[in-house]
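What follows is the content of final.cif (mmCIF, C-alpha atoms).
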data_model
#
loop_
_atom_site.label_atom_id
_atom_site.label_comp_id
_atom_site.auth_asym_id
_atom_site.auth_seq_id
_atom_site.Cartn_x
_atom_site.Cartn_y
_atom_site.Cartn_z
CA MET O 1 139.98 127.04 59.49
CA ALA O 2 140.63 125.67 56.01
CA MET O 3 138.68 127.03 53.06
CA GLN O 4 135.77 124.85 51.97
CA TYR O 5 134.78 124.26 48.35
CA ARG O 6 131.51 123.43 46.65
CA ARG O 7 130.11 122.70 43.20
CA LEU O 8 128.03 125.59 41.90
CA GLY O 9 124.47 124.31 41.70
CA ALA O 10 124.09 121.31 39.43
CA THR O 11 127.27 122.10 37.49
CA GLY O 12 130.79 120.74 37.74
CA LEU O 13 132.24 124.19 38.53
CA GLU O 14 134.05 124.15 41.88
CA ILE O 15 134.13 127.41 43.85
CA SER O 16 135.34 128.47 47.27
CA ARG O 17 132.58 128.72 49.88
CA LEU O 18 133.54 132.34 50.49
CA ALA O 19 133.73 134.83 47.63
CA LEU O 20 135.51 138.17 47.36
CA GLY O 21 133.14 140.98 46.36
CA THR O 22 134.60 144.03 44.63
CA MET O 23 131.78 146.58 44.59
CA GLY O 24 133.97 149.27 46.16
CA TRP O 25 137.11 148.60 44.12
CA GLY O 26 138.12 151.56 42.02
CA GLU O 27 136.01 153.91 44.14
CA SER O 28 136.16 153.62 47.94
CA VAL O 29 138.90 150.96 47.71
CA ASP O 30 142.05 151.93 45.78
CA GLU O 31 144.26 149.55 43.84
CA HIS O 32 146.77 149.09 46.66
CA VAL O 33 144.18 148.08 49.25
CA ALA O 34 142.43 145.92 46.65
CA ASN O 35 145.71 144.16 45.96
CA GLU O 36 146.12 143.43 49.68
CA GLN O 37 142.57 142.10 49.91
CA LEU O 38 143.09 139.87 46.89
CA GLY O 39 146.34 138.52 48.32
CA VAL O 40 144.74 137.62 51.65
CA PHE O 41 141.80 136.00 49.84
CA VAL O 42 143.93 133.87 47.54
CA ASP O 43 146.31 132.88 50.34
CA ALA O 44 143.28 131.67 52.33
CA GLY O 45 142.29 129.44 49.41
CA GLY O 46 139.59 131.69 47.94
CA THR O 47 138.76 131.32 44.27
CA LEU O 48 135.43 133.05 43.51
CA LEU O 49 135.85 136.74 42.61
CA ASP O 50 132.68 138.74 41.91
CA THR O 51 132.32 142.05 40.10
CA ALA O 52 129.86 143.82 37.77
CA VAL O 53 129.70 146.32 34.94
CA SER O 54 127.94 148.82 37.21
CA TYR O 55 130.44 148.68 40.09
CA ALA O 56 132.19 152.05 40.30
CA GLY O 57 131.18 152.79 36.71
CA GLY O 58 133.40 150.00 35.37
CA ALA O 59 136.40 150.90 37.53
CA SER O 60 135.95 147.76 39.63
CA GLU O 61 136.39 145.51 36.60
CA MET O 62 139.38 147.58 35.52
CA VAL O 63 141.12 147.10 38.88
CA VAL O 64 140.24 143.40 38.95
CA GLY O 65 141.72 142.93 35.49
CA GLN O 66 144.91 144.82 36.36
CA LEU O 67 145.46 142.84 39.57
CA LEU O 68 144.78 139.45 38.00
CA SER O 69 147.30 140.25 35.28
CA LYS O 70 149.87 141.74 37.66
CA ASN O 71 149.74 138.72 39.96
CA SER O 72 149.25 136.10 37.20
CA LEU O 73 146.11 134.84 38.92
CA ARG O 74 143.57 134.46 36.12
CA ASP O 75 143.90 130.68 35.97
CA ARG O 76 143.42 130.38 39.76
CA ILE O 77 140.30 132.56 39.92
CA VAL O 78 136.68 131.76 39.16
CA LEU O 79 135.77 135.11 37.64
CA ALA O 80 132.14 136.25 37.82
CA SER O 81 130.58 139.46 36.55
CA LYS O 82 127.12 140.86 35.92
CA ALA O 83 125.40 142.94 33.27
CA GLY O 84 121.99 144.51 32.78
CA ILE O 85 122.27 147.64 34.88
CA GLY O 86 124.16 150.80 34.00
CA SER O 87 126.44 152.97 36.05
CA ALA O 88 125.12 155.15 38.87
CA ALA O 89 127.53 157.78 37.60
CA HIS O 90 124.93 158.73 35.01
CA GLY O 91 122.66 159.98 37.78
CA LEU O 92 119.74 157.75 36.85
CA SER O 93 117.61 155.68 39.20
CA ALA O 94 118.21 151.92 39.37
CA ALA O 95 114.94 151.29 37.53
CA ALA O 96 115.85 153.71 34.74
CA ARG O 97 119.31 152.21 34.39
CA ARG O 98 118.02 148.67 33.82
CA ASP O 99 118.50 147.31 30.33
CA THR O 100 118.69 143.57 29.81
CA SER O 101 118.13 143.73 26.06
CA ARG O 102 120.32 141.58 23.84
CA SER O 103 122.19 144.55 22.39
CA SER O 104 122.91 146.14 25.78
CA MET O 105 123.85 142.89 27.50
CA LEU O 106 126.28 141.81 24.77
CA ARG O 107 127.83 145.28 24.61
CA GLN O 108 128.36 145.23 28.36
CA LEU O 109 129.79 141.71 28.21
CA ASP O 110 132.37 142.68 25.62
CA GLU O 111 133.25 145.79 27.66
CA SER O 112 133.67 143.59 30.74
CA LEU O 113 136.00 141.21 28.94
CA ALA O 114 138.12 144.11 27.71
CA ARG O 115 138.42 145.68 31.17
CA LEU O 116 139.11 142.33 32.83
CA GLY O 117 141.74 141.41 30.25
CA THR O 118 140.31 137.98 29.52
CA ASP O 119 138.57 136.24 26.63
CA HIS O 120 135.89 134.66 28.84
CA LEU O 121 134.11 134.83 32.18
CA ASP O 122 133.58 131.78 34.32
CA VAL O 123 130.12 132.95 35.42
CA TRP O 124 128.07 135.69 33.72
CA GLN O 125 124.91 136.87 35.46
CA VAL O 126 121.90 139.03 34.67
CA HIS O 127 122.09 141.68 37.39
CA VAL O 128 118.34 142.44 37.61
CA TRP O 129 114.93 141.49 36.29
CA ASP O 130 113.78 143.98 33.65
CA ASP O 131 110.03 144.36 33.04
CA GLN O 132 110.69 146.37 29.88
CA VAL O 133 112.48 143.57 28.05
CA PRO O 134 111.03 140.13 27.19
CA VAL O 135 112.72 137.72 29.57
CA GLU O 136 113.17 135.25 26.70
CA GLU O 137 115.37 137.82 24.95
CA THR O 138 117.50 138.19 28.06
CA LEU O 139 117.79 134.46 28.65
CA GLY O 140 118.54 133.87 24.98
CA THR O 141 121.46 136.27 25.38
CA LEU O 142 122.87 134.13 28.19
CA GLU O 143 122.55 131.11 25.92
CA TYR O 144 124.33 132.95 23.09
CA ALA O 145 127.17 134.03 25.40
CA ILE O 146 127.90 130.40 26.23
CA ARG O 147 127.63 129.34 22.58
CA THR O 148 130.16 131.98 21.54
CA GLY O 149 132.61 131.14 24.32
CA ARG O 150 132.32 134.42 26.17
CA THR O 151 131.35 132.65 29.38
CA ARG O 152 131.45 129.13 30.75
CA TYR O 153 128.36 129.32 32.99
CA VAL O 154 125.43 131.69 33.46
CA GLY O 155 123.27 132.84 36.34
CA VAL O 156 120.72 135.40 37.45
CA SER O 157 120.75 137.95 40.24
CA ASN O 158 118.06 139.60 42.35
CA TYR O 159 115.32 137.42 40.82
CA ALA O 160 112.21 136.46 42.77
CA GLY O 161 111.41 132.79 43.28
CA TRP O 162 109.04 132.48 40.33
CA GLN O 163 111.41 134.44 38.09
CA THR O 164 114.26 132.10 39.00
CA ALA O 165 112.12 129.04 38.29
CA TYR O 166 110.97 130.44 34.95
CA ALA O 167 114.54 131.23 33.89
CA HIS O 168 115.64 127.71 34.77
CA ALA O 169 112.73 126.08 32.95
CA TRP O 170 113.09 128.19 29.80
CA LEU O 171 116.81 127.52 29.44
CA ALA O 172 116.38 123.80 30.18
CA SER O 173 113.67 123.49 27.52
CA ARG O 174 115.88 124.82 24.75
CA PRO O 175 117.80 122.50 22.39
CA GLU O 176 121.12 123.60 23.88
CA GLY O 177 119.95 122.76 27.40
CA VAL O 178 121.94 125.50 29.13
CA VAL O 179 122.01 125.00 32.90
CA LEU O 180 121.16 127.96 35.13
CA ALA O 181 124.13 127.65 37.46
CA SER O 182 123.32 130.21 40.13
CA THR O 183 121.18 132.95 41.56
CA GLN O 184 122.89 135.80 43.40
CA VAL O 185 120.63 137.33 46.04
CA GLU O 186 120.94 139.32 49.25
CA TYR O 187 120.96 137.03 52.29
CA SER O 188 122.02 137.70 55.86
CA LEU O 189 120.71 137.72 59.43
CA LEU O 190 119.23 141.13 58.60
CA ASN O 191 117.56 140.06 55.36
CA ARG O 192 116.14 136.54 55.20
CA ASN O 193 113.44 137.25 52.61
CA ILE O 194 114.76 134.66 50.17
CA GLU O 195 113.92 131.85 52.59
CA ALA O 196 110.24 132.08 51.59
CA GLU O 197 110.52 131.32 47.87
CA VAL O 198 113.97 131.73 46.34
CA ILE O 199 115.78 129.13 48.44
CA PRO O 200 113.08 126.45 48.03
CA ALA O 201 113.07 127.04 44.26
CA ALA O 202 116.86 126.89 44.05
CA GLN O 203 117.03 123.72 46.12
CA MET O 204 114.34 122.00 44.08
CA LEU O 205 115.93 122.94 40.75
CA GLY O 206 119.59 122.48 41.68
CA ILE O 207 120.55 126.15 41.37
CA GLY O 208 123.48 127.43 43.40
CA ILE O 209 122.89 130.35 45.76
CA LEU O 210 125.45 133.15 45.91
CA ALA O 211 124.68 135.45 48.83
CA TRP O 212 125.50 139.12 48.48
CA SER O 213 126.00 141.29 51.56
CA PRO O 214 126.08 138.32 53.97
CA LEU O 215 127.33 140.79 56.59
CA GLY O 216 124.19 142.90 56.30
CA ARG O 217 125.89 145.63 54.24
CA GLY O 218 128.57 145.78 56.93
CA VAL O 219 126.18 146.29 59.84
CA LEU O 220 126.68 142.76 61.21
CA THR O 221 130.37 143.45 61.81
CA GLY O 222 129.28 145.63 64.74
CA LYS O 223 130.98 148.73 63.40
CA TYR O 224 127.77 150.79 63.67
CA ARG O 225 126.86 149.85 67.25
CA GLN O 226 128.17 153.10 68.71
CA GLY O 227 127.47 155.38 65.76
CA ILE O 228 128.57 155.81 62.16
CA PRO O 229 132.36 155.68 61.67
CA GLY O 230 133.66 158.44 59.46
CA ASP O 231 135.46 156.03 57.15
CA SER O 232 132.49 153.68 56.69
CA ARG O 233 130.02 153.34 53.83
CA GLY O 234 127.36 154.62 56.21
CA ALA O 235 129.16 157.97 56.22
CA SER O 236 129.69 158.05 52.47
CA LYS O 237 127.53 160.38 50.39
CA THR O 238 127.28 157.78 47.64
CA MET O 239 126.78 154.69 49.82
CA ASN O 240 124.89 155.86 52.92
CA ARG O 241 121.53 154.95 51.39
CA PHE O 242 122.84 151.41 50.95
CA VAL O 243 123.52 151.02 54.68
CA GLN O 244 120.70 153.12 56.18
CA PRO O 245 117.89 150.50 55.96
CA TYR O 246 119.78 148.30 58.44
CA LEU O 247 120.36 150.98 61.06
CA ASP O 248 116.78 150.80 62.37
CA ALA O 249 115.57 149.49 65.75
CA ASP O 250 114.77 145.96 64.52
CA SER O 251 118.21 145.60 62.97
CA ARG O 252 119.88 146.91 66.13
CA SER O 253 118.20 144.22 68.21
CA ILE O 254 119.53 141.53 65.85
CA VAL O 255 123.02 143.04 65.96
CA GLU O 256 123.01 143.03 69.76
CA ALA O 257 121.82 139.42 69.85
CA LEU O 258 124.61 138.53 67.43
CA ALA O 259 127.15 140.33 69.65
CA ARG O 260 126.08 138.26 72.65
CA ALA O 261 126.19 135.03 70.64
CA ALA O 262 129.63 135.83 69.22
CA ASP O 263 130.95 136.61 72.70
CA GLY O 264 129.60 133.31 74.04
CA LEU O 265 131.16 131.40 71.14
CA ASP O 266 134.43 133.32 71.45
CA LEU O 267 134.14 134.47 67.83
CA SER O 268 134.22 137.83 66.13
CA MET O 269 130.82 139.18 65.11
CA THR O 270 131.90 138.90 61.48
CA HIS O 271 132.75 135.22 61.88
CA ALA O 272 129.54 134.46 63.75
CA ALA O 273 127.42 136.29 61.15
#

Written as structure tokens, how would this file's structure read?
Amino acid sequence: MAMQYRRLGATGLEISRLALGTMGWGESVDEHVANEQLGVFVDAGGTLLDTAVSYAGGASEMVVGQLLSKNSLRDRIVLASKAGIGSAAHGLSAAARRDTSRSSMLRQLDESLARLGTDHLDVWQVHVWDDQVPVEETLGTLEYAIRTGRTRYVGVSNYAGWQTAYAHAWLASRPEGVVLASTQVEYSLLNRNIEAEVIPAAQMLGIGILAWSPLGRGVLTGKYRQGIPGDSRGASKTMNRFVQPYLDADSRSIVEALARAADGLDLSMTHAA
């Protein structure tokens, strides 16, 4: 099956329908395996590569930057990163690590660019909503990043429907008229919460949807049907809490239904999901 491509929201930016996420790069995935994954992705026609400041305490961005340079791929990749949440290595809770202030966001952006070995991102996203910082300050930082050439497009991540709509409206009302290109949210057969408000808002406003964990944090691959593999994230001390919510009875029933559907369609569970 040939790779499909789409415009991101109401922008002219073309991206591959499938993206390569790099949350484990530099931590559970070493540089050699990451290089293999990147090669398979690019050979399949993939272009959208997603990372974040908080992934593996910055190590993910470091590996991404090294591999893009090593393989001379920067011009073929739509490079996306996120800021606004610190590293879990500091031992703080996700809520405590949130900081979408102008000073923190711009510092993280410049750190990202240095690690990635590039002078600009293609898409820069606010990783989380932060109740402690005026949202206008955060959105103004996105606007400033475009004005100064640090990024070509901007987006949000993990925003509720009303938060997404507000971000779009505020940016559109400004003299510079920055377009909110995308919202990155969790979406899979095991988590369809965004169908209530986020998807309708995005469709109405022309915002692209980037789904994270479309394989249900790995559960929809079927790897956990008979237990927890020792080499999986479910067995990892640092990642088991990420997988655990989808190992309950309701999720198991969905996984088994998916297995039957995939068998009937003669597809892998991953492909069917």

Name the residues that the PyMOL selection byres ((chain O and resi 186-200) around 6) picks from the file above, as a compact mmCIF listing (two decimals) with C-alpha atoms, in the coordinates of the input, using the file's chain letters and numbers.
# COMPACT_ATOMS: atom_id res chain seq x y z
CA GLY O 161 111.41 132.79 43.28
CA VAL O 185 120.63 137.33 46.04
CA ALA O 201 113.07 127.04 44.26
CA ALA O 202 116.86 126.89 44.05
CA GLN O 203 117.03 123.72 46.12
CA ALA O 211 124.68 135.45 48.83
CA TRP O 212 125.50 139.12 48.48
CA SER O 213 126.00 141.29 51.56
CA PRO O 214 126.08 138.32 53.97
CA GLY O 216 124.19 142.90 56.30

Inset, instruction - Check which residues satisfy the PyMOL selection byres ((chain O and resi 249-258) around 8) in the file shown, then give them as number ranges by chain. - result: O: 189-190, 219-220, 222, 225, 246-248, 259-262, 269, 272-273

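The closest residue to Asn35 in chain O, picked from O:Asp110, O:Leu67, O:Asp75, O:Ala52 and counting all atoms listed in the file, is O:Leu67.
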
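Closest approach to Gly26 in chain O among O:Ala56, O:Thr141, O:Thr51, O:Tyr5 is made by O:Ala56 (distances from all atoms listed in the file).
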
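The space between CA of Leu210 in chain O and CA of Ala2 in chain O spans 19.7 Å.
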
Selection near Ser81 in chain O, 10 Å with only C-alpha atoms, sequence-local residues under 6 positions removed, as a tab-separated table (two decimals) with C-alpha atoms, keeping the file's coordinate frame:
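New file part-v2.tsv:
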chain	number	residue	atom	x	y	z
O	49	LEU	CA	135.85	136.74	42.61
O	50	ASP	CA	132.68	138.74	41.91
O	51	THR	CA	132.32	142.05	40.10
O	52	ALA	CA	129.86	143.82	37.77
O	53	VAL	CA	129.70	146.32	34.94
O	54	SER	CA	127.94	148.82	37.21
O	55	TYR	CA	130.44	148.68	40.09
O	61	GLU	CA	136.39	145.51	36.60
O	109	LEU	CA	129.79	141.71	28.21
O	112	SER	CA	133.67	143.59	30.74
O	113	LEU	CA	136.00	141.21	28.94
O	116	LEU	CA	139.11	142.33	32.83
O	121	LEU	CA	134.11	134.83	32.18
O	122	ASP	CA	133.58	131.78	34.32
O	123	VAL	CA	130.12	132.95	35.42
O	124	TRP	CA	128.07	135.69	33.72
O	125	GLN	CA	124.91	136.87	35.46
O	126	VAL	CA	121.90	139.03	34.67
O	127	HIS	CA	122.09	141.68	37.39
O	151	THR	CA	131.35	132.65	29.38
O	154	VAL	CA	125.43	131.69	33.46
O	155	GLY	CA	123.27	132.84	36.34

Inset, instruction - For the structure provided, state which residues fall under the PyMOL selection byres ((chain O and resi 20) around 8), and present them as JSON, numbers by chain. - result: {"O": [18, 19, 21, 22, 38, 41, 46, 48, 49, 50]}

Legend entry - Distance criterion (all atoms listed in the file): nearest to Val42 in chain O out of O:Arg102, O:Arg7, O:Arg76, O:Arg17: O:Arg76

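Checking O:Ser236, O:Gln184, O:Ser16, O:Thr270 one by one against Ala160 in chain O, counting only C-alpha atoms, you find the shortest gap at O:Gln184.
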